[in-house]
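The structure appears below as structure tokens.
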Amino acid sequence: MGSNEQLPCEDLRDWIERSQAIGEVVNISGADPHLEVGALDEYAFREFGGGPAILLDRLKGYDPTHRILLNQLTSVPRIALALNLPIPTSKMELVQTWRSRVKSVGLLPVQRVDNGPVTENIQEGSAVDLLQFPAPQWHEEDGGQAALEI
């Protein structure tokens with residue numbers, strides 16, 4: 001790797017941490033999933049033209065470890081980070097890189113592992129509880145959490 005290159009993000013947690021380090025994430029704690037999450041999303045997009053990513057934690061009525069990430073890919077620096085491009089990257093460089101990579105996309109070989117982040121939380125059978133996850137009501141006539149309770 002050249003001196004300007006960085007290692008790719010290992011996972012979403014790593015991407016969030018790196019995005020926070022470059023000032024691309026606003027953290028909001030205690031939002032209400034009933035319409036407030038949707039309003040925050042709309043406001044950020046309208047007022048800031050995409051604006052910062054928003055990491056919501058300690059959502060009202062949910063396990064404090066459950067979070068919601070909004071507007072992940074609405075800025076060139078965050079997209080560049082996801083594509084492992086140097087920051088700053090111009091919009092043109094971003095488009096050219098994307099077009100080049102799409103042309104060369106291939107299947108990755110299967111790699112079986114015994115553990116990993118995807119196995120941190122497993123529920124099976126009657127232990128499955130979809131209601132534990134935040135299901136915001138983004139707009140007034142959306143289903144939100146009530147739709148899951150049917």
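If you're wondering about the labels, chains in the structure tokens are A, B, ... by order shown, residues count from 1 in each chain, ligands from 1 in order shown.
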
Skip region 45-62 of chain A itself and residues of its chain fewer than 2 positions away, then list as an MDAnalysis selection string all residues within 6 Å of it, counting only C-alpha atoms. chainID A and resid 24:32 42:43 64 67:72 74

May I have the selected residues written with C-alpha atoms, as a PDB file, in the first residue's frame?
```pdb
ATOM      1  CA  GLU A  24     -19.186  13.016   9.237  1.00  0.00           C
ATOM      2  CA  VAL A  25     -21.551  11.659  11.921  1.00  0.00           C
ATOM      3  CA  VAL A  26     -23.875  13.425  14.322  1.00  0.00           C
ATOM      4  CA  ASN A  27     -24.822  11.405  17.401  1.00  0.00           C
ATOM      5  CA  ILE A  28     -28.309  11.835  18.818  1.00  0.00           C
ATOM      6  CA  SER A  29     -29.411  10.026  21.944  1.00  0.00           C
ATOM      7  CA  GLY A  30     -32.950   9.364  23.161  1.00  0.00           C
ATOM      8  CA  ALA A  31     -34.987   9.921  19.971  1.00  0.00           C
ATOM      9  CA  ASP A  32     -38.546   8.612  19.859  1.00  0.00           C
ATOM     10  CA  GLU A  42     -36.160  14.465   6.677  1.00  0.00           C
ATOM     11  CA  TYR A  43     -34.696  17.538   8.367  1.00  0.00           C
ATOM     12  CA  PRO A  64     -30.068   1.026  24.722  1.00  0.00           C
ATOM     13  CA  ARG A  67     -29.074   1.883  17.237  1.00  0.00           C
ATOM     14  CA  ILE A  68     -30.266   3.308  13.923  1.00  0.00           C
ATOM     15  CA  LEU A  69     -27.949   4.852  11.346  1.00  0.00           C
ATOM     16  CA  LEU A  70     -29.434   7.396   8.920  1.00  0.00           C
ATOM     17  CA  ASN A  71     -28.036   9.012   5.763  1.00  0.00           C
ATOM     18  CA  GLN A  72     -25.032   6.712   5.548  1.00  0.00           C
ATOM     19  CA  THR A  74     -25.179  11.022   1.364  1.00  0.00           C
TER      20      THR A  74
END
```

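If you count only C-alpha atoms and ignore residues fewer than 2 places along the chain from Ala135 (chain A), what sits within 8 Å of it is Pro33, Leu131, Phe133, Gln137, Gly144 and Gln145 of chain A.
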
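DSSP on the backbone gives strand (DSSP E) for these parts of chain A: Val25, Val26, Asn27, Ile28, Ser29, Ala53, Ile54, Leu55, Leu56, Asp57, Ile68, Leu69 and Leu70 of chain A.
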
With a distance cut-off of 12 Å and only C-alpha atoms, select the neighbouring residues of region 81-91 of chain A, excluding the residue or stretch itself and same-chain residues fewer than 4 positions from it, and output the selection as a VMD selection string. chain A and resid 1 to 22 24 72 to 77 95 to 102

So the first atom is CA of His139 (chain A) and the second is CA of Ala44 (chain A); what is the distance between them in Å, to one decimal place? 15.2 Å

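Note that the spacing between CA of Leu94 (chain A) and CA of Arg78 (chain A) amounts to 10.9 Å.
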